[in-house]
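> My questions will all concern the structure given below.
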Amino acid sequence: MAAMDATPQNTPETYSGRLLAFTIPTRHARGRLVRLDRTLDDILAAHDYPAPVTHLLAEALVLAVLMGGLVKDDGSQVTMQAQTEAGAVSLLVCDYKGGELRGYVDFDAARLAELGANPSLFALFGKGYLAITFDLAGGRGRYQGIVPLEGDNLSEACERYFYQSEQVPTLIRCAVRSDGEGVSAAGLLVQHLPEGEEGRERLHSKLDHPEWDHVAILAGSLRHDELLDSALSLEAIAWRLFHEEDEVRIQPGADIAKGCRCSVDHYREVLGRFPEEDRRDMRDENGIVTVDCAFCSRQFGIEI
């Protein structure tokens with residue numbers, strides 16, 4: 001982990017996706033920065049999503065990486081799932097594990113078309129909720145928080161999760177852009193941890209702390225165009241925001257790639273858990289069970 005004591009070199013970034021971690025020890029704060037470029041294109045290419053769904057999923061994927069990047073243990077996974085009772089979008093699910101990212105949206109195309117070009121979060125989901133699940137490696141357990149899908153965007157719902165479920169002051173900023181070169185997305189997450197060391201989960205702290213007010217003001221000044229500017233490195237963004245602090249510690253995070261875990265072996269193992277009677281009902285006339293992967297839009301014929 002390197003301390004940032006000088007202006008970092010600002011070389012243009014070309015990558016599929018990258019995560020950066022940083023801490024501000026004197027302010028008891030930690031943060032994550034991420035940009036998704038080709039990785040995002042790889043995930044979106046599996047489906048012909050309309051523009052509002054593309055934007056929604058891009059934001060969700062950024063959030064999944066930001067939250068997943070808070071967990072250091074190899075093999076841990078963070079899953080974000082949004083469901084609705086009466087919305088055009090019936091299901092959104094993303095998960096992040098060790099640099100591997102995937103996501104999928106199920107929606108009613110006819111209802112979505114009625115909403116126009118820039119539907120609100122409520123228009124997309126109606127009365128919905130967001131479930132965030134941390135599956136920790138090494139037998140450390142699994143915990144989940146559920147919050148209503150309220151506010152202007154998914155980022156606000158995730159901030160509410162940390163507020164309600166963990167009592168951790170959190171600021172999240174996401175930016176999504178779609179142009180002739182494809183879709184790009186980026187995000188910033190900053191948290192205040194005055195009563196626990198960096199890397200712990202479910203830390204509790206005061207929500208009206210002067211240290212946090214200071215950090216939140218600085219982080220909140222970040223513009224969307226800065227987040228998305230590939231000529232501005234993630235290190236340079238952290239420097240711009242917090243260069244007046246005594247110390248900012250930088251730790252490069254994982255390279256991000258599309259990581260759908262579907263395979264014949266995986267599905268054969270899953271099907272093997274079903275009773276033979278159930279598997280018999282699944283087989284076609286050739287004895288093959290066809291499995292659809294919603295994430296990557298592929299079909300697998302399994303002989304079992």
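Going by the structure tokens order, chains are called A, B, ..., each with residues numbered from 1, while ligands are numbered from 1 in the order shown.
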Give me the residues within 8 Å of region 80-86 of chain A as a ChimeraX atom specification, counting only C-alpha atoms and dropping any in the same chain fewer than 6 places off.
/A:60,64,92-95,125-133,149
> DSSP on the backbone, strand (DSSP E or B) only: what residues of region 55-130 of chain A does that give? Format it as a ChimeraX atom specification.
/A:77-84,89-97,100-107,128-130
> Just how far from CA of Asp73 (chain A) is CA of Arg140 (chain A), in Å to one decimal?
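So the two atoms, CA of Arg140 (chain A) and CA of Asp73 (chain A), lie 9.9 Å apart.
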> In Å, rounded to a single decimal, give me how far CA of Asp74 (chain A) is from CA of Ile237 (chain A).
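CA of Ile237 (chain A) sits 26.8 Å away from CA of Asp74 (chain A).
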> Using only C-alpha atoms, can you tell me which of A:Asp229, A:Asp255, A:Glu59, A:Glu235 comes closest to Arg38 (chain A)?
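Smallest separation from Arg38 (chain A) among the options: A:Asp255.
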> Show me, as a list of chain:residue names, the residues that have an atom within 8 Å of Arg268 (chain A) when counting only C-alpha atoms, minus same-chain residues fewer than 2 positions from it.
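My reading of the contact set: A:Val264, A:Asp265, A:His266, A:Val270, A:Leu271, A:Gly272, A:Ile302, A:Glu303, A:Ile304.
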> Could those residues be written to a file, using N, CA, C and O atoms, as an mmCIF file, in the first residue's frame?

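Once everything was written out, this is part_28.cif:
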data_model
loop_
_atom_site.group_PDB
_atom_site.id
_atom_site.type_symbol
_atom_site.label_atom_id
_atom_site.label_comp_id
_atom_site.auth_asym_id
_atom_site.auth_seq_id
_atom_site.Cartn_x
_atom_site.Cartn_y
_atom_site.Cartn_z
ATOM 1 N N VAL A 264 -20.846 -26.426 -18.546
ATOM 2 C CA VAL A 264 -21.501 -27.734 -18.536
ATOM 3 C C VAL A 264 -21.262 -28.427 -17.203
ATOM 4 O O VAL A 264 -22.175 -29.005 -16.608
ATOM 5 N N ASP A 265 -20.034 -28.380 -16.718
ATOM 6 C CA ASP A 265 -19.723 -29.047 -15.450
ATOM 7 C C ASP A 265 -20.518 -28.450 -14.293
ATOM 8 O O ASP A 265 -21.007 -29.178 -13.425
ATOM 9 N N HIS A 266 -20.640 -27.123 -14.291
ATOM 10 C CA HIS A 266 -21.383 -26.471 -13.211
ATOM 11 C C HIS A 266 -22.845 -26.901 -13.221
ATOM 12 O O HIS A 266 -23.406 -27.276 -12.182
ATOM 13 N N VAL A 270 -25.190 -29.024 -10.545
ATOM 14 C CA VAL A 270 -26.447 -28.512 -9.986
ATOM 15 C C VAL A 270 -27.584 -29.489 -10.250
ATOM 16 O O VAL A 270 -28.377 -29.817 -9.347
ATOM 17 N N LEU A 271 -27.683 -29.989 -11.473
ATOM 18 C CA LEU A 271 -28.752 -30.927 -11.802
ATOM 19 C C LEU A 271 -28.629 -32.222 -11.004
ATOM 20 O O LEU A 271 -29.634 -32.882 -10.704
ATOM 21 N N GLY A 272 -27.393 -32.575 -10.661
ATOM 22 C CA GLY A 272 -27.188 -33.786 -9.891
ATOM 23 C C GLY A 272 -27.792 -33.742 -8.509
ATOM 24 O O GLY A 272 -27.972 -34.784 -7.861
ATOM 25 N N ILE A 302 -27.285 -30.554 -21.432
ATOM 26 C CA ILE A 302 -26.638 -31.393 -20.422
ATOM 27 C C ILE A 302 -27.207 -32.809 -20.497
ATOM 28 O O ILE A 302 -28.435 -32.999 -20.410
ATOM 29 N N GLU A 303 -26.346 -33.750 -20.677
ATOM 30 C CA GLU A 303 -26.749 -35.159 -20.644
ATOM 31 C C GLU A 303 -26.497 -35.702 -19.240
ATOM 32 O O GLU A 303 -25.345 -35.817 -18.819
ATOM 33 N N ILE A 304 -27.576 -36.031 -18.542
ATOM 34 C CA ILE A 304 -27.426 -36.505 -17.174
ATOM 35 C C ILE A 304 -28.554 -37.445 -16.813
ATOM 36 O O ILE A 304 -29.673 -37.296 -17.287
#
> Which residue out of A:Pro52, A:Gly103, A:Pro148, A:Gly68 has the minimum interatomic distance to Phe295 (chain A) when only C-alpha atoms are used?
A:Gly103
> Residues of region 179-266 of chain A that approach region 14-37 of chain A to 6 Å or less, counting only C-alpha atoms: could you list each one with the shortest pair of atoms and its distance in Å to one decimal, rows by chain and increasing residue number, as a Markdown table?

| residue | atom | partner | partner_atom | distance |
| --- | --- | --- | --- | --- |
| A:Ser184 | CA | A:Asp37 | CA | 5.0 |
| A:Ala185 | CA | A:Leu36 | CA | 5.3 |
| A:Ala186 | CA | A:Arg35 | CA | 4.2 |
| A:Gly187 | CA | A:Val34 | CA | 5.4 |
| A:Leu188 | CA | A:Leu33 | CA | 4.6 |
| A:Leu189 | CA | A:Arg32 | CA | 5.2 |
| A:Val190 | CA | A:Gly31 | CA | 4.1 |
| A:Gln191 | CA | A:Arg30 | CA | 5.4 |
| A:His192 | CA | A:Ala29 | CA | 4.4 |
| A:Leu193 | CA | A:His28 | CA | 5.3 |
| A:Pro194 | CA | A:His28 | CA | 5.0 |
| A:Glu211 | CA | A:Arg27 | CA | 5.6 |
| A:Val248 | CA | A:Ile24 | CA | 4.9 |
| A:Arg249 | CA | A:Thr23 | CA | 5.2 |
| A:Ile250 | CA | A:Phe22 | CA | 4.5 |
| A:Gln251 | CA | A:Ala21 | CA | 5.1 |
| A:Pro252 | CA | A:Leu20 | CA | 4.8 |
| A:Gly253 | CA | A:Leu19 | CA | 4.7 |
| A:Ala254 | CA | A:Leu19 | CA | 5.5 |
| A:Asp255 | CA | A:Arg18 | CA | 4.6 |
| A:Ile256 | CA | A:Gly17 | CA | 4.6 |
> Using DSSP secondary structure from the backbone, list all alpha helix (DSSP H) positions within region 28-244 of chain A, as an MDAnalysis selection string.
chainID A and resid 38:44 51:68 109:113 121:125 154:161 210:220 224:228 234:242
> One decimal, in Å: what's the spacing between CA of Leu121 (chain A) and CA of Gln77 (chain A)?
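Between CA of Leu121 (chain A) and CA of Gln77 (chain A) the gap is 25.7 Å.
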> Select, from A:Trp212, A:Tyr104, A:Tyr163, A:Tyr267, the residue with the minimum atom-to-atom distance to His47 (chain A), counting only C-alpha atoms.
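Checking each candidate against His47 (chain A), we get A:Tyr104 as the closest.
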> Might you pull out every residue within 9 Å of Leu44 (chain A), with only C-alpha atoms counted and same-chain residues fewer than 3 positions away left off, and present them as a PDB file with all heavy atoms, in the first residue's frame?

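Saved as selection-v1.pdb:
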ATOM      1  N   THR A  39     -15.212  -4.246 -20.235  1.00  0.00           N
ATOM      2  CA  THR A  39     -15.950  -5.215 -19.418  1.00  0.00           C
ATOM      3  C   THR A  39     -17.439  -4.953 -19.499  1.00  0.00           C
ATOM      4  O   THR A  39     -18.253  -5.879 -19.624  1.00  0.00           O
ATOM      5  CB  THR A  39     -15.490  -5.149 -17.957  1.00  0.00           C
ATOM      6  OG1 THR A  39     -14.132  -5.580 -17.876  1.00  0.00           O
ATOM      7  CG2 THR A  39     -16.346  -6.048 -17.071  1.00  0.00           C
ATOM      8  N   LEU A  40     -17.806  -3.689 -19.422  1.00  0.00           N
ATOM      9  CA  LEU A  40     -19.214  -3.325 -19.512  1.00  0.00           C
ATOM     10  C   LEU A  40     -19.783  -3.701 -20.880  1.00  0.00           C
ATOM     11  O   LEU A  40     -20.891  -4.251 -20.971  1.00  0.00           O
ATOM     12  CB  LEU A  40     -19.360  -1.824 -19.260  1.00  0.00           C
ATOM     13  CG  LEU A  40     -20.776  -1.264 -19.158  1.00  0.00           C
ATOM     14  CD1 LEU A  40     -21.557  -1.951 -18.060  1.00  0.00           C
ATOM     15  CD2 LEU A  40     -20.713   0.232 -18.906  1.00  0.00           C
ATOM     16  N   ASP A  41     -19.032  -3.427 -21.939  1.00  0.00           N
ATOM     17  CA  ASP A  41     -19.481  -3.804 -23.279  1.00  0.00           C
ATOM     18  C   ASP A  41     -19.672  -5.319 -23.385  1.00  0.00           C
ATOM     19  O   ASP A  41     -20.632  -5.791 -23.997  1.00  0.00           O
ATOM     20  CB  ASP A  41     -18.464  -3.343 -24.329  1.00  0.00           C
ATOM     21  CG  ASP A  41     -18.404  -1.829 -24.468  1.00  0.00           C
ATOM     22  OD1 ASP A  41     -19.403  -1.173 -24.123  1.00  0.00           O
ATOM     23  OD2 ASP A  41     -17.363  -1.316 -24.893  1.00  0.00           O
ATOM     24  N   HIS A  47     -27.158  -9.220 -24.400  1.00  0.00           N
ATOM     25  CA  HIS A  47     -28.582  -8.930 -24.574  1.00  0.00           C
ATOM     26  C   HIS A  47     -28.738  -7.623 -25.340  1.00  0.00           C
ATOM     27  O   HIS A  47     -27.891  -6.726 -25.247  1.00  0.00           O
ATOM     28  CB  HIS A  47     -29.282  -8.808 -23.216  1.00  0.00           C
ATOM     29  CG  HIS A  47     -29.252 -10.052 -22.399  1.00  0.00           C
ATOM     30  ND1 HIS A  47     -30.190 -11.050 -22.517  1.00  0.00           N
ATOM     31  CD2 HIS A  47     -28.369 -10.469 -21.456  1.00  0.00           C
ATOM     32  CE1 HIS A  47     -29.897 -12.021 -21.666  1.00  0.00           C
ATOM     33  NE2 HIS A  47     -28.795 -11.697 -21.017  1.00  0.00           N
ATOM     34  N   ASP A  48     -29.819  -7.492 -26.046  1.00  0.00           N
ATOM     35  CA  ASP A  48     -30.127  -6.266 -26.776  1.00  0.00           C
ATOM     36  C   ASP A  48     -31.013  -5.394 -25.884  1.00  0.00           C
ATOM     37  O   ASP A  48     -32.219  -5.266 -26.109  1.00  0.00           O
ATOM     38  CB  ASP A  48     -30.822  -6.590 -28.097  1.00  0.00           C
ATOM     39  CG  ASP A  48     -31.035  -5.353 -28.960  1.00  0.00           C
ATOM     40  OD1 ASP A  48     -30.366  -4.330 -28.688  1.00  0.00           O
ATOM     41  OD2 ASP A  48     -31.871  -5.399 -29.874  1.00  0.00           O
ATOM     42  N   TYR A  49     -30.400  -4.779 -24.874  1.00  0.00           N
ATOM     43  CA  TYR A  49     -31.164  -3.984 -23.927  1.00  0.00           C
ATOM     44  C   TYR A  49     -31.513  -2.617 -24.509  1.00  0.00           C
ATOM     45  O   TYR A  49     -30.672  -1.983 -25.159  1.00  0.00           O
ATOM     46  CB  TYR A  49     -30.351  -3.748 -22.647  1.00  0.00           C
ATOM     47  CG  TYR A  49     -30.135  -4.962 -21.788  1.00  0.00           C
ATOM     48  CD1 TYR A  49     -28.843  -5.390 -21.491  1.00  0.00           C
ATOM     49  CD2 TYR A  49     -31.205  -5.664 -21.233  1.00  0.00           C
ATOM     50  CE1 TYR A  49     -28.622  -6.488 -20.676  1.00  0.00           C
ATOM     51  CE2 TYR A  49     -30.993  -6.764 -20.422  1.00  0.00           C
ATOM     52  CZ  TYR A  49     -29.706  -7.176 -20.144  1.00  0.00           C
ATOM     53  OH  TYR A  49     -29.488  -8.261 -19.338  1.00  0.00           O
ATOM     54  N   THR A  54     -30.063  -0.398 -20.274  1.00  0.00           N
ATOM     55  CA  THR A  54     -28.605  -0.335 -20.366  1.00  0.00           C
ATOM     56  C   THR A  54     -28.034   0.584 -19.294  1.00  0.00           C
ATOM     57  O   THR A  54     -27.070   0.249 -18.596  1.00  0.00           O
ATOM     58  CB  THR A  54     -28.177   0.168 -21.757  1.00  0.00           C
ATOM     59  OG1 THR A  54     -28.540  -0.808 -22.729  1.00  0.00           O
ATOM     60  CG2 THR A  54     -26.676   0.399 -21.824  1.00  0.00           C
ATOM     61  N   LEU A  57     -28.503  -1.055 -15.756  1.00  0.00           N
ATOM     62  CA  LEU A  57     -27.590  -2.162 -15.497  1.00  0.00           C
ATOM     63  C   LEU A  57     -26.149  -1.659 -15.358  1.00  0.00           C
ATOM     64  O   LEU A  57     -25.397  -2.168 -14.513  1.00  0.00           O
ATOM     65  CB  LEU A  57     -27.682  -3.195 -16.616  1.00  0.00           C
ATOM     66  CG  LEU A  57     -26.801  -4.440 -16.455  1.00  0.00           C
ATOM     67  CD1 LEU A  57     -27.058  -5.136 -15.127  1.00  0.00           C
ATOM     68  CD2 LEU A  57     -27.020  -5.414 -17.614  1.00  0.00           C
ATOM     69  N   ALA A  58     -25.763  -0.678 -16.148  1.00  0.00           N
ATOM     70  CA  ALA A  58     -24.406  -0.132 -16.036  1.00  0.00           C
ATOM     71  C   ALA A  58     -24.177   0.440 -14.639  1.00  0.00           C
ATOM     72  O   ALA A  58     -23.129   0.206 -14.020  1.00  0.00           O
ATOM     73  CB  ALA A  58     -24.182   0.936 -17.102  1.00  0.00           C
ATOM     74  N   GLY A 103     -24.089  -9.448 -14.658  1.00  0.00           N
ATOM     75  CA  GLY A 103     -25.356  -8.821 -14.333  1.00  0.00           C
ATOM     76  C   GLY A 103     -26.401  -9.112 -15.396  1.00  0.00           C
ATOM     77  O   GLY A 103     -26.081  -9.453 -16.544  1.00  0.00           O
ATOM     78  N   TYR A 104     -27.663  -8.965 -14.995  1.00  0.00           N
ATOM     79  CA  TYR A 104     -28.779  -9.306 -15.885  1.00  0.00           C
ATOM     80  C   TYR A 104     -30.010  -8.525 -15.449  1.00  0.00           C
ATOM     81  O   TYR A 104     -30.226  -8.269 -14.257  1.00  0.00           O
ATOM     82  CB  TYR A 104     -29.050 -10.811 -15.813  1.00  0.00           C
ATOM     83  CG  TYR A 104     -30.345 -11.250 -16.469  1.00  0.00           C
ATOM     84  CD1 TYR A 104     -30.496 -11.236 -17.843  1.00  0.00           C
ATOM     85  CD2 TYR A 104     -31.428 -11.663 -15.693  1.00  0.00           C
ATOM     86  CE1 TYR A 104     -31.680 -11.626 -18.442  1.00  0.00           C
ATOM     87  CE2 TYR A 104     -32.619 -12.067 -16.279  1.00  0.00           C
ATOM     88  CZ  TYR A 104     -32.747 -12.042 -17.654  1.00  0.00           C
ATOM     89  OH  TYR A 104     -33.919 -12.428 -18.241  1.00  0.00           O
ATOM     90  N   VAL A 183     -20.626   2.045 -24.271  1.00  0.00           N
ATOM     91  CA  VAL A 183     -21.096   2.496 -22.966  1.00  0.00           C
ATOM     92  C   VAL A 183     -19.939   2.432 -21.979  1.00  0.00           C
ATOM     93  O   VAL A 183     -19.210   1.444 -21.926  1.00  0.00           O
ATOM     94  CB  VAL A 183     -22.257   1.623 -22.452  1.00  0.00           C
ATOM     95  CG1 VAL A 183     -22.788   2.149 -21.116  1.00  0.00           C
ATOM     96  CG2 VAL A 183     -23.387   1.570 -23.475  1.00  0.00           C
ATOM     97  N   CYS A 296     -25.465 -14.647 -19.594  1.00  0.00           N
ATOM     98  CA  CYS A 296     -24.695 -14.543 -20.829  1.00  0.00           C
ATOM     99  C   CYS A 296     -25.503 -14.954 -22.063  1.00  0.00           C
ATOM    100  O   CYS A 296     -24.965 -15.000 -23.165  1.00  0.00           O
ATOM    101  CB  CYS A 296     -23.413 -15.361 -20.743  1.00  0.00           C
ATOM    102  SG  CYS A 296     -23.662 -17.123 -20.569  1.00  0.00           S
TER     103      CYS A 296
END
> Considering only C-alpha atoms, state which residue in the set A:Val176, A:Leu124, A:His243, A:Ile146 is at the smallest distance from Phe162 (chain A).
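Counting only C-alpha atoms, the residue closest to Phe162 (chain A) is A:Ile146.
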> Which residues, written as a VMD selection string, have at least one atom at most 10 Å from Ile288 (chain A), with only C-alpha atoms counted and residues fewer than 3 positions away on the same chain left out?
chain A and resid 279 to 280 282 to 285 291 300 to 304
